[in-house]
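Participant: Provided below: work.csv, containing CSV, C-alpha atoms.
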```
chain,number,residue,atom,x,y,z
A,1,MET,CA,-20.0,47.6,-81.7
A,2,TYR,CA,-20.3,46.3,-78.1
A,3,SER,CA,-23.1,44.0,-77.3
A,4,ILE,CA,-25.4,44.5,-74.3
A,5,SER,CA,-24.0,41.4,-72.6
A,6,GLN,CA,-20.5,42.8,-72.9
A,7,ARG,CA,-21.6,46.1,-71.4
A,8,ALA,CA,-23.5,44.4,-68.6
A,9,ASN,CA,-20.4,42.2,-67.9
A,10,ALA,CA,-18.2,45.3,-67.8
A,11,VAL,CA,-20.5,47.2,-65.5
A,12,LEU,CA,-20.9,44.2,-63.1
A,13,ALA,CA,-17.2,43.6,-62.9
A,14,PHE,CA,-16.7,47.3,-62.2
A,15,LEU,CA,-19.3,47.3,-59.4
A,16,VAL,CA,-17.8,44.2,-57.8
A,17,THR,CA,-14.3,45.7,-57.9
A,18,VAL,CA,-15.4,49.0,-56.4
A,19,THR,CA,-17.4,47.3,-53.6
A,20,LEU,CA,-14.5,45.0,-52.7
A,21,GLY,CA,-12.1,47.9,-52.9
A,22,PHE,CA,-14.3,49.9,-50.5
A,23,LEU,CA,-14.6,47.0,-48.1
A,24,VAL,CA,-10.9,46.4,-48.0
A,25,ALA,CA,-10.3,50.2,-47.4
A,26,VAL,CA,-12.7,50.2,-44.5
A,27,ALA,CA,-11.2,47.0,-43.1
A,28,LEU,CA,-7.7,48.6,-43.3
A,29,THR,CA,-8.7,51.6,-41.2
A,30,SER,CA,-9.4,49.5,-38.2
A,31,PRO,CA,-5.8,48.6,-37.2
A,32,ILE,CA,-4.9,52.3,-37.7
A,33,LEU,CA,-7.7,53.7,-35.7
A,34,LEU,CA,-7.3,51.1,-32.9
A,35,HIS,CA,-3.6,51.4,-32.6
A,36,GLY,CA,-2.7,52.1,-28.9
A,37,LYS,CA,-6.3,52.2,-27.9
A,38,GLY,CA,-7.7,50.2,-24.9
A,39,LEU,CA,-8.9,50.8,-21.4
A,40,ARG,CA,-9.1,54.4,-20.4
A,41,PRO,CA,-7.2,55.3,-18.3
A,42,ALA,CA,-4.3,53.0,-19.2
A,43,PRO,CA,-3.0,50.7,-17.8
A,44,GLY,CA,-6.3,49.9,-16.2
A,45,GLN,CA,-6.1,50.2,-12.5
A,46,ASN,CA,-9.0,48.9,-10.4
A,47,VAL,CA,-10.9,47.7,-13.4
A,48,LEU,CA,-11.8,44.4,-11.9
A,49,LYS,CA,-12.3,43.8,-8.2
A,50,ILE,CA,-13.3,40.4,-6.8
A,51,VAL,CA,-16.0,41.0,-4.2
A,52,ASP,CA,-16.7,37.4,-3.1
A,53,ALA,CA,-15.8,33.8,-4.0
A,54,GLU,CA,-18.0,31.0,-2.8
A,55,SER,CA,-17.0,27.3,-3.2
A,56,HIS,CA,-19.5,24.5,-3.3
A,57,LYS,CA,-19.5,20.8,-3.6
A,58,ALA,CA,-21.8,19.7,-6.3
A,59,ARG,CA,-22.8,16.7,-8.3
A,60,LEU,CA,-22.3,18.0,-11.8
A,61,ALA,CA,-24.2,16.2,-14.5
A,62,PHE,CA,-21.2,15.8,-16.7
A,63,TYR,CA,-18.9,14.3,-14.1
A,64,ASP,CA,-21.4,11.5,-13.5
A,65,ARG,CA,-20.9,10.4,-17.1
A,66,THR,CA,-17.2,9.6,-16.7
A,67,GLN,CA,-16.2,6.2,-15.2
A,68,ASN,CA,-13.7,7.3,-12.6
A,69,GLN,CA,-15.4,10.2,-10.8
A,70,SER,CA,-17.5,9.7,-7.7
A,71,GLY,CA,-19.6,12.5,-9.0
A,72,ASP,CA,-18.8,15.2,-6.5
A,73,SER,CA,-16.8,18.1,-7.7
A,74,GLU,CA,-16.1,21.6,-6.4
A,75,LEU,CA,-17.2,24.7,-8.1
A,76,ALA,CA,-16.8,28.4,-7.3
A,77,ILE,CA,-19.2,31.2,-7.8
A,78,ILE,CA,-17.4,34.5,-8.2
A,79,ARG,CA,-18.8,38.0,-7.6
A,80,PHE,CA,-17.0,41.1,-8.8
A,81,ASP,CA,-17.2,44.8,-9.7
A,82,ILE,CA,-16.2,46.0,-13.1
A,83,SER,CA,-15.2,49.6,-13.8
A,84,ALA,CA,-14.0,49.7,-17.4
A,85,ASP,CA,-14.0,52.5,-20.0
A,86,LEU,CA,-13.7,50.9,-23.4
A,87,ARG,CA,-15.2,53.7,-25.4
A,88,ASP,CA,-11.9,54.5,-27.1
A,89,LEU,CA,-12.3,51.2,-29.1
A,90,TRP,CA,-15.4,52.6,-30.9
A,91,ASN,CA,-14.8,53.7,-34.5
A,92,TRP,CA,-16.9,53.6,-37.7
A,93,ASN,CA,-15.8,50.0,-38.3
A,94,THR,CA,-16.6,48.7,-34.7
A,95,LYS,CA,-19.7,46.5,-34.8
A,96,GLN,CA,-19.6,45.1,-31.3
A,97,LEU,CA,-17.3,44.3,-28.4
A,98,PHE,CA,-17.4,40.9,-26.8
A,99,VAL,CA,-16.1,41.4,-23.2
A,100,TYR,CA,-15.4,38.5,-20.9
A,101,VAL,CA,-13.8,38.0,-17.5
A,102,VAL,CA,-11.2,35.1,-17.4
A,103,ALA,CA,-10.0,33.2,-14.3
A,104,GLU,CA,-6.5,31.9,-14.9
A,105,TYR,CA,-4.6,29.4,-12.7
A,106,GLU,CA,-2.2,26.5,-12.5
A,107,THR,CA,-2.6,23.1,-11.1
A,108,ASP,CA,-0.2,20.2,-10.6
A,109,SER,CA,-1.6,18.3,-13.6
A,110,HIS,CA,-2.3,21.3,-15.9
A,111,SER,CA,0.0,24.2,-16.2
A,112,THR,CA,-2.4,26.5,-17.9
A,113,ASN,CA,-6.1,26.8,-17.1
A,114,GLN,CA,-8.4,29.5,-18.4
A,115,VAL,CA,-12.1,29.7,-17.5
A,116,VAL,CA,-14.5,32.4,-18.6
A,117,ILE,CA,-16.8,33.2,-15.7
A,118,TRP,CA,-18.7,36.1,-17.3
A,119,ASP,CA,-19.3,37.6,-20.8
A,120,SER,CA,-21.3,40.4,-22.3
A,121,ILE,CA,-21.9,41.8,-25.8
A,122,ILE,CA,-21.6,45.6,-26.2
A,123,ARG,CA,-23.3,47.0,-29.3
A,124,ASN,CA,-22.8,50.8,-28.9
A,125,LYS,CA,-20.3,53.2,-27.7
A,126,ASP,CA,-22.2,54.4,-24.6
A,127,ASP,CA,-22.5,50.9,-23.3
A,128,ALA,CA,-18.7,50.5,-23.5
A,129,LEU,CA,-18.5,52.5,-20.3
A,130,ILE,CA,-19.0,49.5,-18.0
A,131,ARG,CA,-19.9,50.2,-14.4
A,132,LEU,CA,-21.3,47.2,-12.7
A,133,ARG,CA,-21.3,46.3,-9.0
A,134,ASN,CA,-21.5,42.9,-7.4
A,135,VAL,CA,-21.9,41.0,-10.7
A,136,LYS,CA,-22.4,37.3,-10.3
A,137,GLY,CA,-20.3,35.2,-12.6
A,138,GLU,CA,-22.7,33.5,-15.0
A,139,TYR,CA,-20.4,30.5,-15.5
A,140,PHE,CA,-19.3,28.4,-12.6
A,141,LEU,CA,-15.5,28.2,-12.1
A,142,VAL,CA,-15.0,24.5,-12.4
A,143,ASP,CA,-11.7,22.7,-13.0
A,144,ILE,CA,-11.1,19.7,-15.2
A,145,ASN,CA,-10.1,18.0,-11.9
A,146,PRO,CA,-12.8,17.7,-9.2
A,147,THR,CA,-10.9,19.7,-6.6
A,148,LEU,CA,-10.8,23.5,-6.7
A,149,SER,CA,-9.8,24.5,-3.1
A,150,THR,CA,-6.0,24.3,-3.8
A,151,VAL,CA,-6.4,26.8,-6.6
A,152,SER,CA,-5.3,30.4,-6.6
A,153,ALA,CA,-6.5,32.3,-9.6
A,154,LYS,CA,-6.0,35.8,-11.1
A,155,PHE,CA,-8.9,37.4,-13.0
A,156,THR,CA,-8.5,39.6,-16.1
A,157,LEU,CA,-10.9,41.5,-18.3
A,158,HIS,CA,-10.6,40.5,-22.0
A,159,TRP,CA,-12.3,42.1,-25.0
A,160,ASN,CA,-12.7,41.0,-28.7
A,161,ILE,CA,-13.4,43.8,-31.2
A,162,ILE,CA,-15.7,42.6,-34.0
A,163,PRO,CA,-15.7,44.9,-37.0
A,164,TYR,CA,-18.3,45.4,-39.7
A,165,VAL,CA,-15.7,44.1,-42.1
A,166,GLY,CA,-12.1,42.9,-41.7
A,167,ALA,CA,-9.9,41.5,-39.0
A,168,LEU,CA,-10.9,40.7,-35.4
A,169,PHE,CA,-8.8,42.1,-32.5
A,170,TRP,CA,-8.3,40.7,-29.1
A,171,ASN,CA,-6.8,42.4,-26.0
A,172,SER,CA,-7.0,42.4,-22.2
A,173,GLY,CA,-6.3,44.4,-19.1
A,174,GLY,CA,-7.3,45.1,-15.5
A,175,GLN,CA,-5.7,42.0,-14.0
A,176,THR,CA,-6.5,41.4,-10.3
A,177,PRO,CA,-4.1,40.1,-7.7
A,178,ILE,CA,-4.1,36.4,-7.1
A,179,LEU,CA,-7.0,35.1,-5.0
A,180,ALA,CA,-6.9,31.8,-3.2
A,181,LEU,CA,-10.3,30.1,-3.6
A,182,PRO,CA,-11.9,29.2,-0.3
A,183,ALA,CA,-12.8,25.7,0.8
A,184,PRO,CA,-16.4,24.6,0.1
A,185,ARG,CA,-19.0,25.4,2.8
B,1,ASN,CA,-3.9,18.0,-43.8
B,2,ARG,CA,-4.7,21.5,-45.0
B,3,GLU,CA,-8.3,22.5,-44.3
B,4,SER,CA,-10.0,25.2,-46.2
B,5,PRO,CA,-9.0,28.7,-45.0
B,6,ILE,CA,-12.5,30.1,-45.8
B,7,VAL,CA,-15.8,29.1,-44.3
B,8,VAL,CA,-19.4,30.4,-44.8
B,9,VAL,CA,-21.4,31.0,-41.6
B,10,LEU,CA,-24.5,28.6,-41.7
B,11,SER,CA,-26.2,29.1,-38.4
B,12,GLU,CA,-27.3,31.9,-36.0
B,13,SER,CA,-25.4,30.6,-33.0
B,14,MET,CA,-22.7,33.3,-33.2
B,15,GLU,CA,-25.0,36.3,-33.7
B,16,PRO,CA,-24.8,39.3,-33.4
B,17,ALA,CA,-21.1,38.9,-34.3
B,18,PHE,CA,-21.6,36.7,-37.4
B,19,HIS,CA,-24.8,36.1,-39.4
B,20,ARG,CA,-25.7,33.5,-41.9
B,21,GLY,CA,-23.9,34.2,-45.1
B,22,ASP,CA,-20.9,35.9,-43.7
B,23,LEU,CA,-17.6,34.7,-45.2
B,24,LEU,CA,-15.0,33.9,-42.5
B,25,PHE,CA,-11.2,33.9,-43.0
B,26,LEU,CA,-9.3,31.3,-40.9
B,27,SER,CA,-5.8,30.6,-39.9
B,28,MET,CA,-4.3,27.8,-37.9
B,29,PRO,CA,-2.0,29.5,-35.4
B,30,ALA,CA,1.1,27.9,-34.0
B,31,GLU,CA,0.2,29.0,-30.4
B,32,PRO,CA,-2.1,27.0,-28.2
B,33,ILE,CA,-5.8,27.7,-28.3
B,34,ARG,CA,-6.9,30.4,-25.7
B,35,VAL,CA,-10.2,31.4,-24.3
B,36,GLY,CA,-12.0,34.0,-26.4
B,37,ASP,CA,-10.7,32.5,-29.7
B,38,ILE,CA,-13.4,31.9,-32.2
B,39,THR,CA,-12.6,28.4,-33.6
B,40,VAL,CA,-13.9,26.2,-36.3
B,41,PHE,CA,-14.0,22.6,-35.2
B,42,LYS,CA,-15.2,19.2,-36.5
B,43,LEU,CA,-17.1,16.6,-34.5
B,44,GLN,CA,-16.8,12.9,-35.2
B,45,GLY,CA,-19.6,11.7,-37.4
B,46,LYS,CA,-20.9,15.2,-38.2
B,47,PRO,CA,-20.0,16.6,-41.6
B,48,ILE,CA,-20.6,20.3,-40.9
B,49,PRO,CA,-18.0,22.1,-38.9
B,50,VAL,CA,-19.0,24.3,-35.9
B,51,VAL,CA,-17.9,27.9,-35.5
B,52,HIS,CA,-18.0,28.8,-31.8
B,53,ARG,CA,-16.0,30.7,-29.2
B,54,VAL,CA,-13.7,29.0,-26.6
B,55,LEU,CA,-15.0,29.2,-23.1
B,56,THR,CA,-12.5,27.1,-21.2
B,57,VAL,CA,-9.1,25.7,-21.8
B,58,HIS,CA,-7.0,23.2,-19.8
B,59,ASP,CA,-3.5,22.4,-21.0
B,60,GLU,CA,-2.5,18.9,-19.7
B,61,ASP,CA,1.2,18.6,-18.8
B,62,ALA,CA,1.5,14.9,-19.1
B,63,THR,CA,0.2,14.6,-22.6
B,64,GLY,CA,0.5,18.1,-24.0
B,65,LYS,CA,-3.2,17.8,-24.9
B,66,GLN,CA,-5.6,20.8,-24.7
B,67,TYR,CA,-9.0,20.2,-23.3
B,68,ILE,CA,-11.4,22.9,-24.7
B,69,LEU,CA,-15.0,23.8,-24.0
B,70,SER,CA,-16.8,26.0,-26.5
B,71,LYS,CA,-20.0,28.0,-26.7
B,72,GLY,CA,-21.9,29.9,-29.3
B,73,ASP,CA,-22.3,33.6,-28.3
B,74,ASN,CA,-26.0,33.4,-29.1
B,75,ASN,CA,-26.6,30.0,-27.4
B,76,PRO,CA,-27.9,29.9,-23.8
B,77,SER,CA,-25.5,27.2,-22.7
B,78,ASP,CA,-22.1,25.7,-23.6
B,79,ASP,CA,-21.7,23.1,-26.4
B,80,ARG,CA,-21.5,20.2,-23.9
B,81,ALA,CA,-24.7,21.1,-22.0
B,82,GLY,CA,-26.4,22.3,-25.2
B,83,GLY,CA,-25.9,19.0,-27.0
B,84,ILE,CA,-23.6,20.3,-29.7
B,85,TYR,CA,-20.9,17.8,-28.8
B,86,ASN,CA,-21.5,14.1,-29.3
B,87,ALA,CA,-23.1,12.1,-26.5
B,88,ASN,CA,-20.7,11.6,-23.6
B,89,GLN,CA,-18.2,14.0,-25.2
B,90,LEU,CA,-17.0,16.4,-22.6
B,91,TRP,CA,-14.4,18.4,-24.5
B,92,ILE,CA,-12.9,19.1,-27.8
B,93,ASN,CA,-9.2,18.9,-28.3
B,94,ARG,CA,-6.8,21.0,-30.4
B,95,GLU,CA,-6.8,18.2,-33.0
B,96,ASP,CA,-10.5,18.8,-33.6
B,97,VAL,CA,-9.9,22.5,-34.3
B,98,THR,CA,-9.4,23.2,-38.0
B,99,GLY,CA,-8.9,27.0,-37.8
B,100,LYS,CA,-9.3,30.2,-35.8
B,101,VAL,CA,-11.3,33.1,-37.2
B,102,GLN,CA,-9.2,36.1,-38.0
B,103,GLY,CA,-11.5,38.2,-40.1
B,104,PHE,CA,-14.6,38.2,-42.2
B,105,ILE,CA,-16.6,39.8,-45.0
B,106,PRO,CA,-20.3,40.1,-44.2
B,107,TYR,CA,-22.9,38.5,-46.5
B,108,ALA,CA,-20.2,37.5,-49.1
B,109,GLY,CA,-21.0,33.8,-48.5
B,110,PHE,CA,-24.6,34.1,-49.7
B,111,VAL,CA,-23.7,33.2,-53.2
B,112,ILE,CA,-22.3,29.9,-52.0
B,113,ILE,CA,-25.3,29.2,-49.7
B,114,ILE,CA,-27.7,29.8,-52.5
B,115,MET,CA,-25.8,27.5,-54.8
B,116,ASP,CA,-26.0,24.8,-52.2
B,117,LEU,CA,-29.7,25.3,-51.5
B,118,TYR,CA,-30.7,25.5,-55.1
B,119,PRO,CA,-28.4,23.3,-57.2
B,120,HIS,CA,-30.6,24.1,-60.2
B,121,LEU,CA,-29.4,27.7,-59.9
B,122,LYS,CA,-25.8,26.4,-60.2
B,123,TYR,CA,-26.6,24.4,-63.3
B,124,ALA,CA,-28.7,27.3,-64.7
B,125,LEU,CA,-25.8,29.7,-64.1
B,126,LEU,CA,-23.4,27.4,-65.8
B,127,GLY,CA,-25.8,26.9,-68.7
B,128,VAL,CA,-26.2,30.6,-69.2
B,129,LEU,CA,-22.4,31.2,-69.0
B,130,GLY,CA,-22.0,28.3,-71.5
B,131,LEU,CA,-24.5,29.9,-73.9
B,132,LEU,CA,-22.9,33.3,-73.6
B,133,VAL,CA,-19.6,31.7,-74.6
B,134,VAL,CA,-21.1,30.0,-77.6
B,135,PHE,CA,-22.9,33.1,-78.8
B,136,GLN,CA,-20.0,35.5,-78.3
B,137,ARG,CA,-17.7,33.6,-80.7
B,138,GLU,CA,-17.0,35.7,-83.7
```
How would this structure read if it were set down as C-alpha cells?
Facilitator:
Amino acid sequence: MYSISQRANAVLAFLVTVTLGFLVAVALTSPILLHGKGLRPAPGQNVLKIVDAESHKARLAFYDRTQNQSGDSELAIIRFDISADLRDLWNWNTKQLFVYVVAEYETDSHSTNQVVIWDSIIRNKDDALIRLRNVKGEYFLVDINPTLSTVSAKFTLHWNIIPYVGALFWNSGGQTPILALPAPR
Amino acid sequence: NRESPIVVVLSESMEPAFHRGDLLFLSMPAEPIRVGDITVFKLQGKPIPVVHRVLTVHDEDATGKQYILSKGDNNPSDDRAGGIYNANQLWINREDVTGKVQGFIPYAGFVIIIMDLYPHLKYALLGVLGLLVVFQRE
C-alpha cells in the first residue's frame, strides 16, 4: 500500500526530527548547568595581578598610514599573574573556553576603551585551572590616540563559553585595581 | 535594512570554536559592541561577510562612533595586520557589523555549502523532487 519512496521519506523525516530534538535538548541543558557558575571561589579575589607595565614610544606601521600622525605613538607591554579556577564551567556541552584579559580605561575623547592584551583557548577541564606567572601580554596596549601615559586602566579576566551546540555565554571576573600607566622609557 | 539572521561558516579562521559548515545564529543587539563579541561584518567591495571576534573597541564621544579591531581566533594576527581589512583601513565601525553570534548548530550548514559548490546537485535534487511529485500523483 505504501511505496518505498513514501517509507523512505517518513523514515528520513523521523530521523531529522529526532536529531534536531536531541540537539535542542542538549543545547537547553547548558543554561541550566551553567547557572550561577563561574570563578571558584567566587567572587574571584586575586585572580589577576599586574606584575609590570612598560611603556614605549614606537613607530607603529599603521599610524604611518594616516595623514595626521607623526608616526610616533605610545604602547604598553603588560605582564601579569593569573590564578583562575574555571573548572566549574565544564559540562557535557562545553566545547571550549575562550579566556581573555581586557584593559579598560577612559580618555578625554573616548569614554569607553577596551583592549584585549592576552587570550587563550582552553579545550579541557583540567586546563581550566589556570595558574600562570609573569605572563607577557601578547597584544600591545595601544590607544586610538597616540598618547598612552595619561591613561589609568583596570584589568579584568573575561571568558566565552563555546558549547558543542546551542547558545554562547560570556562572563567576567577578577577585576584589578586601577593602574596608572607609566611614562615611556 | 534587515540582514540574514543565519550564516554558514565558510573559513577556518575561527577554529576550534567554529568549523566550516557550522550554522551560526545571529542577532543585532541594541547595546554597543564589546570586546569578546563574535561579530559578522561586511567590508566594502567584498561580497562575503567575515565572522571574527572583537579585540579592541574605542567609543568616540564626539561622534558616537565605535572604532573596532577584530581578529580570527585561529589567525596569527589581527584583521588590520593580517590584511583582512581593505588597504589603509584601520578599523571597522558598528555600521559594518551585521550581527553578533549568539548560538550555533555544528555542521548543519553543509547542505548549503554543497549546494553552492555543486550547483548541479541543486538542480539534480530539484529534478528528483519534481519527478517524485509527478510519479506520486494518483
Participant: Between chain B and chain A, at 8 Å or less, what are the per-residue closest atom pairs and their distances in Å? Count all atoms listed in the file, order by chain and rising residue number, and return it as a Markdown table.
Facilitator:
```
| residue | atom | partner | partner_atom | distance |
| --- | --- | --- | --- | --- |
| B:Ala17 | CA | A:Ile162 | CA | 6.6 |
| B:Arg34 | CA | A:Gln114 | CA | 7.5 |
| B:Val35 | CA | A:Gln114 | CA | 6.5 |
| B:Gly36 | CA | A:Asn160 | CA | 7.4 |
| B:Leu55 | CA | A:Val116 | CA | 5.5 |
| B:Thr56 | CA | A:Val115 | CA | 4.5 |
| B:Val57 | CA | A:Gln114 | CA | 5.1 |
| B:His58 | CA | A:Asn113 | CA | 4.6 |
| B:Asp59 | CA | A:Thr112 | CA | 5.3 |
| B:Glu60 | CA | A:His110 | CA | 4.5 |
| B:Asp61 | CA | A:His110 | CA | 5.3 |
| B:Ala62 | CA | A:Ser109 | CA | 7.2 |
| B:Asn88 | CA | A:Arg65 | CA | 6.6 |
| B:Leu90 | CA | A:Phe62 | CA | 7.3 |
| B:Val101 | CA | A:Leu168 | CA | 7.8 |
| B:Gln102 | CA | A:Ala167 | CA | 5.5 |
| B:Gly103 | CA | A:Ala167 | CA | 3.8 |
| B:Phe104 | CA | A:Gly166 | CA | 5.3 |
| B:Ile105 | CA | A:Val165 | CA | 5.3 |
| B:Pro106 | CA | A:Val165 | CA | 6.4 |
```
Participant: For CA of Asp126 in chain A and CA of Leu86 in chain A, determine how far apart the two atoms are, in Å to one decimal place.
Facilitator: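 Rounded to one decimal, the two atoms are 9.3 Å apart.
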Participant: Of the residues A:Glu138, A:Asp127, A:Ser55, A:Lys37, which is the one nearest to Ala76 in chain A, using all atoms listed in the file?
Facilitator: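 That would be A:Ser55, the residue with the smallest distance to Ala76 in chain A.
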Participant: If we count all atoms listed in the file, what is near Leu43 in chain B at a cut-off of 12 Å, once residues fewer than 5 positions away on the same chain are taken out, given as a ChimeraX atom specification?
Facilitator: /B:48-51,79,83-87,89-98
Participant: One decimal, Å: what's the distance from CA of His56 in chain A over to CA of Ser77 in chain B, could you say?
Facilitator: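 Atom-to-atom, CA of His56 in chain A and CA of Ser77 in chain B are spaced 20.5 Å apart.
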Participant: To one decimal place in Å, what is the distance between CA of Pro41 in chain A and CA of Ala84 in chain A?
Facilitator: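 CA of Pro41 in chain A sits 8.9 Å away from CA of Ala84 in chain A.
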Participant: Taking (-4.6, 33.5, -9.7) in the coordinates of the supplied file, I want to know which residues reach to within 6 Å of it, counting all atoms listed in the file; could you give the answer as a list in words?
Facilitator: Glu104, Tyr105, Ser152, Ala153, Lys154, Ile178 and Leu179 of chain A
Participant: Can you pull out the residues contacting Met14 in chain B? Cut-off 7 Å, using only C-alpha atoms, and skip same-chain residues under 2 positions away; I want them as a PyMOL selection string.
Facilitator: chain B and resi 12+16-18+52+72-74
Participant: Taking 6 positions as the minimum chain separation for residues in the same chain, which residues sit within 10 Å of His19 in chain B when counting all atoms listed in the file? Answer as a ChimeraX atom specification.
Facilitator: /B:8-13,106-107
Participant: Within 10 Å of Pro184 in chain A, counting only C-alpha atoms, which residues show up once you throw out same-chain ones fewer than 5 positions away? Write them as a short mmCIF file (atom, residue, chain, number, x, y, z; two decimals) with C-alpha atoms, keeping the file's coordinate frame, please.
Facilitator:
```cif
data_model
loop_
_atom_site.label_atom_id
_atom_site.label_comp_id
_atom_site.auth_asym_id
_atom_site.auth_seq_id
_atom_site.Cartn_x
_atom_site.Cartn_y
_atom_site.Cartn_z
CA GLU A 54 -18.00 31.00 -2.80
CA SER A 55 -17.00 27.30 -3.20
CA HIS A 56 -19.50 24.50 -3.30
CA LYS A 57 -19.50 20.80 -3.60
CA ALA A 58 -21.80 19.70 -6.30
CA GLU A 74 -16.10 21.60 -6.40
CA LEU A 75 -17.20 24.70 -8.10
CA ALA A 76 -16.80 28.40 -7.30
CA THR A 147 -10.90 19.70 -6.60
CA LEU A 148 -10.80 23.50 -6.70
CA SER A 149 -9.80 24.50 -3.10
#
```
Participant: Would you list the contacts of Lys100 in chain B as a PyMOL selection string, taking every protein, DNA or RNA residue within 8 Å and counting all atoms listed in the file, but skipping same-chain residues closer than 2 positions in sequence?
Facilitator: chain B and resi 26-29+37-40+97-98+102
Participant: Can I get range 21-37 of chain B with N, CA, C and O atoms filled in, as a PDB file, in the frame of the given file?
Facilitator:
```pdb
ATOM      1  N   GLY B  21     -24.362  33.591 -43.891  1.00  0.00           N
ATOM      2  CA  GLY B  21     -23.900  34.200 -45.100  1.00  0.00           C
ATOM      3  C   GLY B  21     -22.618  34.957 -45.027  1.00  0.00           C
ATOM      4  O   GLY B  21     -22.028  35.317 -46.044  1.00  0.00           O
ATOM      5  N   ASP B  22     -22.155  35.211 -43.811  1.00  0.00           N
ATOM      6  CA  ASP B  22     -20.900  35.900 -43.700  1.00  0.00           C
ATOM      7  C   ASP B  22     -19.754  34.924 -44.120  1.00  0.00           C
ATOM      8  O   ASP B  22     -19.833  33.723 -43.900  1.00  0.00           O
ATOM      9  N   LEU B  23     -18.719  35.488 -44.693  1.00  0.00           N
ATOM     10  CA  LEU B  23     -17.600  34.700 -45.200  1.00  0.00           C
ATOM     11  C   LEU B  23     -16.451  34.864 -44.150  1.00  0.00           C
ATOM     12  O   LEU B  23     -16.010  35.978 -43.894  1.00  0.00           O
ATOM     13  N   LEU B  24     -16.000  33.769 -43.538  1.00  0.00           N
ATOM     14  CA  LEU B  24     -15.000  33.900 -42.500  1.00  0.00           C
ATOM     15  C   LEU B  24     -13.615  33.448 -43.026  1.00  0.00           C
ATOM     16  O   LEU B  24     -13.495  32.473 -43.770  1.00  0.00           O
ATOM     17  N   PHE B  25     -12.583  34.173 -42.632  1.00  0.00           N
ATOM     18  CA  PHE B  25     -11.200  33.900 -43.000  1.00  0.00           C
ATOM     19  C   PHE B  25     -10.518  33.235 -41.799  1.00  0.00           C
ATOM     20  O   PHE B  25     -10.531  33.794 -40.709  1.00  0.00           O
ATOM     21  N   LEU B  26      -9.914  32.066 -42.027  1.00  0.00           N
ATOM     22  CA  LEU B  26      -9.300  31.300 -40.900  1.00  0.00           C
ATOM     23  C   LEU B  26      -7.817  31.212 -41.048  1.00  0.00           C
ATOM     24  O   LEU B  26      -7.268  31.324 -42.137  1.00  0.00           O
ATOM     25  N   SER B  27      -7.179  30.955 -39.900  1.00  0.00           N
ATOM     26  CA  SER B  27      -5.800  30.600 -39.900  1.00  0.00           C
ATOM     27  C   SER B  27      -5.602  29.503 -38.873  1.00  0.00           C
ATOM     28  O   SER B  27      -6.458  29.335 -38.012  1.00  0.00           O
ATOM     29  N   MET B  28      -4.512  28.755 -38.949  1.00  0.00           N
ATOM     30  CA  MET B  28      -4.300  27.800 -37.900  1.00  0.00           C
ATOM     31  C   MET B  28      -3.010  28.225 -37.165  1.00  0.00           C
ATOM     32  O   MET B  28      -1.900  27.998 -37.614  1.00  0.00           O
ATOM     33  N   PRO B  29      -3.186  28.941 -36.058  1.00  0.00           N
ATOM     34  CA  PRO B  29      -2.000  29.500 -35.400  1.00  0.00           C
ATOM     35  C   PRO B  29      -1.141  28.470 -34.756  1.00  0.00           C
ATOM     36  O   PRO B  29      -1.602  27.392 -34.407  1.00  0.00           O
ATOM     37  N   ALA B  30       0.138  28.789 -34.599  1.00  0.00           N
ATOM     38  CA  ALA B  30       1.100  27.900 -34.000  1.00  0.00           C
ATOM     39  C   ALA B  30       0.881  27.846 -32.456  1.00  0.00           C
ATOM     40  O   ALA B  30       1.136  26.844 -31.804  1.00  0.00           O
ATOM     41  N   GLU B  31       0.398  28.980 -31.898  1.00  0.00           N
ATOM     42  CA  GLU B  31       0.200  29.000 -30.400  1.00  0.00           C
ATOM     43  C   GLU B  31      -0.930  28.170 -30.007  1.00  0.00           C
ATOM     44  O   GLU B  31      -1.816  27.877 -30.809  1.00  0.00           O
ATOM     45  N   PRO B  32      -0.968  27.815 -28.710  1.00  0.00           N
ATOM     46  CA  PRO B  32      -2.100  27.000 -28.200  1.00  0.00           C
ATOM     47  C   PRO B  32      -3.396  27.839 -28.307  1.00  0.00           C
ATOM     48  O   PRO B  32      -3.384  29.071 -28.372  1.00  0.00           O
ATOM     49  N   ILE B  33      -4.504  27.125 -28.316  1.00  0.00           N
ATOM     50  CA  ILE B  33      -5.800  27.700 -28.300  1.00  0.00           C
ATOM     51  C   ILE B  33      -6.024  28.437 -26.967  1.00  0.00           C
ATOM     52  O   ILE B  33      -5.641  27.895 -25.932  1.00  0.00           O
ATOM     53  N   ARG B  34      -6.624  29.630 -26.970  1.00  0.00           N
ATOM     54  CA  ARG B  34      -6.900  30.400 -25.700  1.00  0.00           C
ATOM     55  C   ARG B  34      -8.320  30.776 -25.651  1.00  0.00           C
ATOM     56  O   ARG B  34      -9.008  30.893 -26.680  1.00  0.00           O
ATOM     57  N   VAL B  35      -8.824  31.039 -24.438  1.00  0.00           N
ATOM     58  CA  VAL B  35     -10.200  31.400 -24.300  1.00  0.00           C
ATOM     59  C   VAL B  35     -10.463  32.724 -25.109  1.00  0.00           C
ATOM     60  O   VAL B  35      -9.567  33.552 -25.245  1.00  0.00           O
ATOM     61  N   GLY B  36     -11.679  32.828 -25.651  1.00  0.00           N
ATOM     62  CA  GLY B  36     -12.000  34.000 -26.400  1.00  0.00           C
ATOM     63  C   GLY B  36     -11.758  33.778 -27.927  1.00  0.00           C
ATOM     64  O   GLY B  36     -12.347  34.474 -28.759  1.00  0.00           O
ATOM     65  N   ASP B  37     -10.877  32.824 -28.274  1.00  0.00           N
ATOM     66  CA  ASP B  37     -10.700  32.500 -29.700  1.00  0.00           C
ATOM     67  C   ASP B  37     -11.964  32.017 -30.281  1.00  0.00           C
ATOM     68  O   ASP B  37     -12.714  31.283 -29.639  1.00  0.00           O
TER      69      ASP B  37
END
```
